[in-house]
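So this block is run.pdb, PDB, C-alpha atoms:
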ATOM      1  CA  MET V   1     176.540 -81.513  15.819  1.00  0.00           C
ATOM      2  CA  LYS V   2     179.542 -80.906  18.073  1.00  0.00           C
ATOM      3  CA  ARG V   3     179.664 -82.679  21.393  1.00  0.00           C
ATOM      4  CA  ARG V   4     182.886 -81.111  22.395  1.00  0.00           C
ATOM      5  CA  ILE V   5     184.849 -77.865  21.957  1.00  0.00           C
ATOM      6  CA  ASN V   6     188.080 -78.555  20.165  1.00  0.00           C
ATOM      7  CA  ASN V   7     191.322 -78.116  22.074  1.00  0.00           C
ATOM      8  CA  GLU V   8     192.423 -75.006  20.199  1.00  0.00           C
ATOM      9  CA  ASP V   9     189.150 -73.131  20.913  1.00  0.00           C
ATOM     10  CA  TYR V  10     189.075 -74.354  24.500  1.00  0.00           C
ATOM     11  CA  HIS V  11     192.639 -73.164  25.168  1.00  0.00           C
ATOM     12  CA  ALA V  12     191.914 -69.830  23.453  1.00  0.00           C
ATOM     13  CA  ILE V  13     188.881 -69.335  25.735  1.00  0.00           C
ATOM     14  CA  GLN V  14     190.983 -70.234  28.767  1.00  0.00           C
ATOM     15  CA  ALA V  15     193.667 -67.763  27.672  1.00  0.00           C
ATOM     16  CA  ASN V  16     191.037 -65.025  27.233  1.00  0.00           C
ATOM     17  CA  ILE V  17     189.612 -65.717  30.687  1.00  0.00           C
ATOM     18  CA  GLU V  18     193.083 -65.680  32.247  1.00  0.00           C
ATOM     19  CA  GLN V  19     193.873 -62.392  30.485  1.00  0.00           C
ATOM     20  CA  ILE V  20     190.573 -60.823  31.646  1.00  0.00           C
ATOM     21  CA  GLU V  21     191.187 -62.008  35.219  1.00  0.00           C
ATOM     22  CA  SER V  22     194.722 -60.608  35.107  1.00  0.00           C
ATOM     23  CA  VAL V  23     193.468 -57.216  33.893  1.00  0.00           C
ATOM     24  CA  GLN V  24     190.739 -57.251  36.556  1.00  0.00           C
ATOM     25  CA  ILE V  25     193.331 -57.936  39.258  1.00  0.00           C
ATOM     26  CA  ASN V  26     195.415 -55.024  37.935  1.00  0.00           C
ATOM     27  CA  ILE V  27     192.349 -52.744  37.962  1.00  0.00           C
ATOM     28  CA  LYS V  28     191.550 -53.747  41.549  1.00  0.00           C
ATOM     29  CA  GLU V  29     195.151 -53.168  42.672  1.00  0.00           C
ATOM     30  CA  LEU V  30     195.189 -49.786  40.941  1.00  0.00           C
ATOM     31  CA  ILE V  31     191.887 -48.748  42.559  1.00  0.00           C
ATOM     32  CA  ASP V  32     193.104 -49.956  45.964  1.00  0.00           C
ATOM     33  CA  GLY V  33     196.283 -47.897  45.515  1.00  0.00           C
ATOM     34  CA  ILE V  34     194.297 -44.814  44.479  1.00  0.00           C
ATOM     35  CA  ASN V  35     191.986 -45.215  47.463  1.00  0.00           C
ATOM     36  CA  GLU V  36     195.002 -45.530  49.799  1.00  0.00           C
ATOM     37  CA  ARG V  37     196.520 -42.358  48.322  1.00  0.00           C
ATOM     38  CA  ILE V  38     193.222 -40.480  48.651  1.00  0.00           C
ATOM     39  CA  SER V  39     192.872 -41.643  52.258  1.00  0.00           C
ATOM     40  CA  THR V  40     196.451 -40.596  53.036  1.00  0.00           C
ATOM     41  CA  MET V  41     195.947 -37.263  51.282  1.00  0.00           C
ATOM     42  CA  LEU V  42     192.757 -36.575  53.239  1.00  0.00           C
ATOM     43  CA  GLN V  43     194.525 -37.395  56.507  1.00  0.00           C
ATOM     44  CA  GLU V  44     197.662 -35.393  55.714  1.00  0.00           C
ATOM     45  CA  SER V  45     196.170 -32.376  53.928  1.00  0.00           C
ATOM     46  CA  THR V  46     195.440 -29.581  56.359  1.00  0.00           C
ATOM     47  CA  ILE V  47     194.480 -25.952  56.476  1.00  0.00           C
ATOM     48  CA  GLY V  48     195.041 -24.110  59.708  1.00  0.00           C
ATOM     49  CA  GLY V  49     196.346 -27.371  61.159  1.00  0.00           C
ATOM     50  CA  CYS V  50     193.019 -29.168  60.599  1.00  0.00           C
ATOM     51  CA  THR V  51     192.241 -32.058  58.285  1.00  0.00           C
ATOM     52  CA  LEU V  52     189.109 -32.083  56.126  1.00  0.00           C
ATOM     53  CA  GLY V  53     187.364 -34.401  58.586  1.00  0.00           C
ATOM     54  CA  GLU V  54     188.267 -32.141  61.507  1.00  0.00           C
ATOM     55  CA  LEU V  55     187.018 -29.079  59.630  1.00  0.00           C
ATOM     56  CA  ILE V  56     183.712 -30.790  58.820  1.00  0.00           C
ATOM     57  CA  ASP V  57     183.332 -31.793  62.497  1.00  0.00           C
ATOM     58  CA  GLN V  58     184.176 -28.234  63.568  1.00  0.00           C
ATOM     59  CA  GLU V  59     181.584 -26.808  61.166  1.00  0.00           C
ATOM     60  CA  LYS V  60     178.925 -29.181  62.525  1.00  0.00           C
ATOM     61  CA  LYS V  61     179.724 -28.221  66.152  1.00  0.00           C
ATOM     62  CA  GLU V  62     179.643 -24.500  65.340  1.00  0.00           C
ATOM     63  CA  THR V  63     176.341 -24.919  63.493  1.00  0.00           C
ATOM     64  CA  GLU V  64     174.822 -26.807  66.448  1.00  0.00           C
ATOM     65  CA  SER V  65     176.050 -24.101  68.832  1.00  0.00           C
ATOM     66  CA  LEU V  66     174.564 -21.391  66.623  1.00  0.00           C
ATOM     67  CA  HIS V  67     171.205 -23.195  66.470  1.00  0.00           C
ATOM     68  CA  GLU V  68     171.139 -23.494  70.264  1.00  0.00           C
ATOM     69  CA  LYS V  69     171.851 -19.761  70.663  1.00  0.00           C
ATOM     70  CA  LEU V  70     169.191 -18.811  68.119  1.00  0.00           C
ATOM     71  CA  GLU V  71     166.608 -21.066  69.753  1.00  0.00           C
ATOM     72  CA  HIS V  72     167.411 -19.515  73.144  1.00  0.00           C
ATOM     73  CA  ILE V  73     167.067 -15.995  71.744  1.00  0.00           C
ATOM     74  CA  ALA V  74     163.810 -16.907  69.973  1.00  0.00           C
ATOM     75  CA  GLY V  75     162.401 -18.203  73.264  1.00  0.00           C
ATOM     76  CA  GLU V  76     163.414 -15.028  75.096  1.00  0.00           C
ATOM     77  CA  ASN V  77     161.819 -12.892  72.397  1.00  0.00           C
ATOM     78  CA  GLU V  78     158.576 -14.877  72.590  1.00  0.00           C
ATOM     79  CA  ASP V  79     158.567 -14.449  76.385  1.00  0.00           C
ATOM     80  CA  TYR V  80     159.101 -10.715  75.953  1.00  0.00           C
ATOM     81  CA  LEU V  81     156.086 -10.497  73.639  1.00  0.00           C
ATOM     82  CA  LEU V  82     153.884 -12.398  76.080  1.00  0.00           C
ATOM     83  CA  GLU V  83     154.869 -10.092  78.944  1.00  0.00           C
ATOM     84  CA  ARG V  84     153.863  -6.910  77.107  1.00  0.00           C
ATOM     85  CA  SER V  85     150.581  -5.149  77.741  1.00  0.00           C
ATOM     86  CA  ASP V  86     147.636  -4.990  75.344  1.00  0.00           C
ATOM     87  CA  THR V  87     148.359  -1.292  74.863  1.00  0.00           C
ATOM     88  CA  TRP V  88     151.929  -2.064  73.827  1.00  0.00           C
ATOM     89  CA  HIS V  89     150.689  -4.736  71.397  1.00  0.00           C
ATOM     90  CA  GLU V  90     148.610  -2.064  69.663  1.00  0.00           C
ATOM     91  CA  SER V  91     151.516   0.414  69.444  1.00  0.00           C
ATOM     92  CA  GLU V  92     154.098   1.224  66.786  1.00  0.00           C
ATOM     93  CA  ASN V  93     156.747  -0.256  69.075  1.00  0.00           C
ATOM     94  CA  CYS V  94     155.033  -3.625  68.746  1.00  0.00           C
ATOM     95  CA  ASP V  95     155.013  -3.268  64.949  1.00  0.00           C
ATOM     96  CA  LEU V  96     158.747  -2.432  64.948  1.00  0.00           C
ATOM     97  CA  TYR V  97     159.475  -5.300  67.293  1.00  0.00           C
ATOM     98  CA  ASN V  98     157.500  -7.755  65.155  1.00  0.00           C
ATOM     99  CA  GLU V  99     159.306  -6.617  61.981  1.00  0.00           C
ATOM    100  CA  TRP V 100     162.639  -7.049  63.748  1.00  0.00           C
ATOM    101  CA  LEU V 101     161.582 -10.440  65.109  1.00  0.00           C
ATOM    102  CA  GLU V 102     160.491 -11.486  61.611  1.00  0.00           C
ATOM    103  CA  GLU V 103     163.975 -10.582  60.292  1.00  0.00           C
ATOM    104  CA  TRP V 104     165.518 -12.819  62.953  1.00  0.00           C
ATOM    105  CA  LEU V 105     163.145 -15.661  62.093  1.00  0.00           C
ATOM    106  CA  ASP V 106     164.038 -15.256  58.403  1.00  0.00           C
ATOM    107  CA  THR V 107     167.720 -15.340  59.355  1.00  0.00           C
ATOM    108  CA  GLN V 108     167.162 -18.531  61.310  1.00  0.00           C
ATOM    109  CA  ILE V 109     165.431 -20.069  58.268  1.00  0.00           C
ATOM    110  CA  ASP V 110     168.338 -18.947  56.067  1.00  0.00           C
ATOM    111  CA  LEU V 111     170.785 -20.552  58.487  1.00  0.00           C
ATOM    112  CA  ASP V 112     168.725 -23.760  58.573  1.00  0.00           C
ATOM    113  CA  ASN V 113     168.870 -23.880  54.776  1.00  0.00           C
ATOM    114  CA  ARG V 114     172.579 -23.061  54.673  1.00  0.00           C
ATOM    115  CA  GLU V 115     174.756 -26.048  54.093  1.00  0.00           C
ATOM    116  CA  VAL V 116     178.084 -26.703  52.519  1.00  0.00           C
ATOM    117  CA  ILE V 117     177.801 -29.503  50.010  1.00  0.00           C
ATOM    118  CA  TYR V 118     180.735 -31.904  49.986  1.00  0.00           C
ATOM    119  CA  SER V 119     180.942 -34.295  47.093  1.00  0.00           C
ATOM    120  CA  VAL V 120     183.421 -36.576  45.435  1.00  0.00           C
ATOM    121  CA  ASP V 121     182.608 -36.890  41.778  1.00  0.00           C
ATOM    122  CA  GLY V 122     183.802 -38.933  38.780  1.00  0.00           C
ATOM    123  CA  ASN V 123     184.515 -37.042  35.538  1.00  0.00           C
ATOM    124  CA  GLY V 124     182.707 -39.212  33.010  1.00  0.00           C
ATOM    125  CA  LEU V 125     183.334 -42.734  31.838  1.00  0.00           C
ATOM    126  CA  GLU V 126     186.586 -41.918  30.041  1.00  0.00           C
ATOM    127  CA  ASN V 127     188.128 -40.663  33.288  1.00  0.00           C
ATOM    128  CA  ILE V 128     186.335 -42.903  35.750  1.00  0.00           C
ATOM    129  CA  PHE V 129     189.222 -42.850  38.219  1.00  0.00           C
ATOM    130  CA  GLU V 130     189.847 -39.113  38.047  1.00  0.00           C
ATOM    131  CA  LEU V 131     188.261 -37.651  41.160  1.00  0.00           C
ATOM    132  CA  GLU V 132     187.323 -34.100  41.949  1.00  0.00           C
ATOM    133  CA  ILE V 133     186.415 -32.925  45.423  1.00  0.00           C
ATOM    134  CA  GLU V 134     184.019 -29.984  45.438  1.00  0.00           C
ATOM    135  CA  ALA V 135     182.714 -27.761  48.194  1.00  0.00           C
ATOM    136  CA  LEU V 136     179.863 -25.452  47.220  1.00  0.00           C
ATOM    137  CA  ILE V 137     179.938 -22.617  49.709  1.00  0.00           C
ATOM    138  CA  PRO V 138     176.628 -20.756  50.091  1.00  0.00           C
ATOM    139  CA  ASP V 139     176.358 -16.962  50.085  1.00  0.00           C
ATOM    140  CA  GLN V 140     177.141 -15.111  53.283  1.00  0.00           C
ATOM    141  CA  ILE V 141     174.191 -14.312  55.493  1.00  0.00           C
ATOM    142  CA  GLU V 142     173.815 -10.825  56.918  1.00  0.00           C
ATOM    143  CA  LEU V 143     172.371 -10.658  60.401  1.00  0.00           C
ATOM    144  CA  PRO V 144     169.537  -8.245  61.120  1.00  0.00           C
ATOM    145  CA  ASP V 145     170.135  -5.398  63.552  1.00  0.00           C
ATOM    146  CA  GLN V 146     170.774  -6.362  67.132  1.00  0.00           C
ATOM    147  CA  SER V 147     167.587  -4.621  68.302  1.00  0.00           C
ATOM    148  CA  PRO V 148     164.368  -3.355  66.713  1.00  0.00           C
ATOM    149  CA  GLU V 149     165.614   0.208  67.136  1.00  0.00           C
ATOM    150  CA  GLY V 150     168.554  -0.488  64.800  1.00  0.00           C
ATOM    151  CA  ASN V 151     171.255  -0.715  67.489  1.00  0.00           C
TER     152      ASN V 151
END
Show this structure as structure tokens.
Amino acid sequence: MKRRINNEDYHAIQANIEQIESVQINIKELIDGINERISTMLQESTIGGCTLGELIDQEKKETESLHEKLEHIAGENEDYLLERSDTWHESENCDLYNEWLEEWLDTQIDLDNREVIYSVDGNGLENIFELEIEALIPDQIELPDQSPEGN
């Protein structure tokens, strides 16, 4: 039974540990450098004078503005329905209006479900540090007519 690791084995283990720690330090420095480059690239890369972060903020603001407008219009349309007479509610005009209103509600649902997906993705274990930035852009949405009469 051994009570002690011989000097040769002990020094070999120490050398292995030192080598592993050295490689780990190099990996960390490399990752830190890559992250700095990515950060710099994201800050410096522009389209139309805007960085990616600015474009994402702009998209969020525009989406919020659109939702506010659609909610306002939906409220006005509901008020319009409530103001109409019973006779009107039984007419073809009411049917046309309700179909048109349904198209707008469907459009609002489509807009609520519309999102651009931003992801940063690794390409497998072999290329763990190779990054790919993707933006999946949804299909365009066509607005219904501006009025139930098709105008």
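CA of Glu103 in chain V is found 9.7 Å from CA of Pro148 in chain V.
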Using all atoms of range 56-61 of chain V listed in the file and a margin of 3 Å per side, can you give the axis-aligned box centre and edge lengths in Å to one decimal, as lines of an AutoDock Vina configuration file?
center_x = 181.6
center_y = -29.3
center_z = 62.5
size_x = 11.3
size_y = 11.0
size_z = 13.3
**Message:** What's around Asn98 in chain V at 12 Å? Count only C-alpha atoms, leave out sequence neighbours fewer than 2 positions away in its own chain, and write the answer as a list in words.
**Reply:** Asn77, Glu78, Tyr80, Leu81, Trp88, His89, Glu90, Ser91, Glu92, Asn93, Cys94, Asp95, Leu96, Trp100, Leu101, Glu102, Glu103, Trp104, Leu105, Ser147, Pro148 and Glu149 of chain V
**Request:** Would you please work out which residue, of V:Leu30, V:Leu42, V:Leu55, V:Ile109, is nearest to His67 in chain V when using all atoms listed in the file?
**Result:** V:Ile109
**Prompt:** Applied to this file, what does the PyMOL selection byres ((chain V and resi 70-72) around 12) return in terms of residues, put as a ChimeraX atom specification?
**Reply:** /V:63-69,73-79,101,104-109,111-112,143
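When CA of Thr46 in chain V is paired with CA of Ile31 in chain V, their separation reads 23.9 Å.
CA of His11 in chain V sits 24.1 Å away from CA of Ile27 in chain V.
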